[in-house]
Amino acid sequence: MDHRNLDKAMEIFACLITGETVGKDNHRDLYDAYSSQAEVYDILDAVLKKSNLRLYEYRNTLYVTAGDENRVFGYTNDELKKAIGLRLNRELFLAYLIIYDVMTLFYETTSGEAALAYVKTDMVIESTTSLLSGVMARLESIVQNDIEENSFRTLALLWDELPLMAENDDISTLKAARGSKTGFIKLVFNFLISQDLFAESAGKYYITDRMRALIENYYDSCKGRLYEVIEQSYRGNTEEVEKNAAY
């Protein structure tokens with residue numbers, strides 16, 4: 001083993017685990033070593049696998065995300081609740097649902113260009129409401145067991161009980177909070193911004209290249225059960241619209 005290649009691989013690893021990107025525009029020398037030196041690539045790949053981290057590349061830039069059950073670089077449920085500003089597990093699962101829904105708003109599929117340039121709070125409220133309505137309307141055909149059924153009933157009830165805005169709120173000064181749909185969405189958006197997955201400008205929220213990399217690479221191969229439920233709900237809603245249009 002060439003120790004210079006080992007040093008390069010570990011430099012790349014150190015950058016990535018501290019949230020830096022490695023690519024053509026940042027740490028170019030490290031990116032070039034990764035791209036051109038097979039030993040650098042192999043060493044980095046081995047270290048990442050041992051650390052339960054996933055590497056993905058987007059537009060000549062490298063990113064990492066924690067693998068399943070990664071207790072060192074990932075979040076526990078309690079840590080994630082604290083990071084977002086939530087207290088209850090059902091609130092955290094609602095936040096998961098909203099994040100997945102946001103992904104599907106930007107990307108109807110994970111190949112090709114994003115469907116939207118940005119989202120706004122009201123767009124995500126409308127989409128989340130439609131999603132949960134679709135799930136509840138087809139609950140028996142969508143869920144696989146009683147646990148899933150109870151979970152989605154709980155999420156639908158939690159969302160339904162939240163007012164659009166908290167009492168005495170002014171739309172121009174609305175803050176992130178757990179007590180309303182608008183405030184809850186803003187909590188999720190603030191978390192995505194803190195993770196460099198969202199950027200905000202004048203009330204419009206744009207996905208970053210880091211988020212695009214996540215959606216187009218890691219997300220595409222690790223969709224999970226929640227993604228399946230969302231897809232079934234949207235497919236059912238589309239079929240219902242087409243059926244009504246036929247009449």
# chains A, B, ... in the order shown; residues from 1 in each chain; ligands from 1

$ residues_around --residues "range 97-101 of chain A" --least-positions-apart "2" --cutoff "8 Å" --atoms "only C-alpha atoms" --output "ChimeraX atom specification"
/A:93-95,103-105,124,127-128,131,185,188,226-227,230

$ select_by_dssp --residues "range 44-136 of chain A" --states "strand (DSSP E)" --output "list in words"
Leu53, Arg54, Leu55, Tyr56, Glu57, Thr61, Leu62, Tyr63, Val64, Thr65 and Ala66 of chain A

$ closest_residue --among "A:Ser201, A:Asn89, A:Thr18, A:Asn190" --to "Ser151 in chain A" --atoms "only C-alpha atoms"
A:Asn89

$ atom_distance --atom1 "CA of Ile17 in chain A" --atom2 "CA of Ala117 in chain A"
28.7 Å

$ residues_around --residues "range 137-140 of chain A" --least-positions-apart "6" --cutoff "10 Å" --atoms "only C-alpha atoms" --output "list in words"
Leu131, Asp146, Glu148, Glu149, Phe152, Arg153, Val229, Gln232, Ser233, Gly236 and Asn237 of chain A

$ residues_around --residues "range 209-219 of chain A" --least-positions-apart "3" --cutoff "12 Å" --atoms "only C-alpha atoms" --output "VMD selection string"
chain A and resid 16 19 to 23 53 to 68 99 to 115 117 192 to 193 195 to 199 206 222 to 224 226 to 227

$ residues_around --residues "Lys50 in chain A" --least-positions-apart "4" --cutoff "12 Å" --atoms "only C-alpha atoms" --output "JSON, numbers by chain"
{"A": [13, 43, 44, 45, 46, 54, 66, 67, 70, 72]}

$ write_last_selection --atoms "N, CA, C and O atoms" --output "JSON list (two decimals), in the first residue's frame"
[["chain", "number", "residue", "atom", "x", "y", "z"],
["A", 13, "PHE", "N", -12.02, 11.11, 3.77],
["A", 13, "PHE", "CA", -12.91, 10.61, 4.82],
["A", 13, "PHE", "C", -13.13, 11.67, 5.89],
["A", 13, "PHE", "O", -14.26, 11.91, 6.31],
["A", 43, "ILE", "N", -9.45, 2.22, -0.68],
["A", 43, "ILE", "CA", -9.26, 2.47, 0.75],
["A", 43, "ILE", "C", -10.45, 3.23, 1.32],
["A", 43, "ILE", "O", -10.99, 2.88, 2.38],
["A", 44, "LEU", "N", -10.87, 4.28, 0.62],
["A", 44, "LEU", "CA", -12.01, 5.07, 1.08],
["A", 44, "LEU", "C", -13.27, 4.22, 1.15],
["A", 44, "LEU", "O", -14.03, 4.29, 2.13],
["A", 45, "ASP", "N", -13.48, 3.40, 0.14],
["A", 45, "ASP", "CA", -14.65, 2.52, 0.11],
["A", 45, "ASP", "C", -14.65, 1.58, 1.31],
["A", 45, "ASP", "O", -15.69, 1.38, 1.97],
["A", 46, "ALA", "N", -13.50, 1.02, 1.64],
["A", 46, "ALA", "CA", -13.40, 0.08, 2.77],
["A", 46, "ALA", "C", -13.65, 0.79, 4.09],
["A", 46, "ALA", "O", -14.36, 0.27, 4.96],
["A", 54, "ARG", "N", -22.62, 5.59, 3.67],
["A", 54, "ARG", "CA", -22.85, 5.41, 2.24],
["A", 54, "ARG", "C", -22.31, 6.63, 1.49],
["A", 54, "ARG", "O", -22.56, 7.77, 1.87],
["A", 66, "ALA", "N", -25.33, 8.53, 6.68],
["A", 66, "ALA", "CA", -25.23, 7.39, 7.60],
["A", 66, "ALA", "C", -26.03, 6.21, 7.10],
["A", 66, "ALA", "O", -27.14, 6.38, 6.57],
["A", 67, "GLY", "N", -25.51, 5.01, 7.27],
["A", 67, "GLY", "CA", -26.23, 3.80, 6.94],
["A", 67, "GLY", "C", -27.26, 3.48, 8.01],
["A", 67, "GLY", "O", -27.37, 4.17, 9.04],
["A", 70, "ASN", "N", -26.90, 3.45, 12.20],
["A", 70, "ASN", "CA", -25.58, 4.01, 12.48],
["A", 70, "ASN", "C", -25.69, 4.93, 13.70],
["A", 70, "ASN", "O", -26.23, 6.03, 13.61],
["A", 72, "VAL", "N", -23.22, 6.25, 15.45],
["A", 72, "VAL", "CA", -22.13, 7.20, 15.58],
["A", 72, "VAL", "C", -22.39, 8.44, 14.73],
["A", 72, "VAL", "O", -22.35, 9.57, 15.20]]

$ select_by_dssp --residues "range 4-72 of chain A" --states "alpha helix (DSSP H)" --output "number ranges by chain"
A: 4-17, 28-36, 38-50

$ closest_residue --among "A:Arg178, A:Val143, A:Thr129, A:Ile207" --to "Asp160 in chain A" --atoms "only C-alpha atoms"
A:Thr129

$ closest_residue --among "A:Glu39, A:His27, A:Leu80, A:Asp122" --to "Cys15 in chain A" --atoms "only C-alpha atoms"
A:His27

$ closest_residue --among "A:Ile125, A:Ile142, A:Val135, A:Leu116" --to "Met165 in chain A" --atoms "only C-alpha atoms"
A:Ile125

$ atom_distance --atom1 "CA of Gly179 in chain A" --atom2 "CA of Leu86 in chain A"
10.6 Å
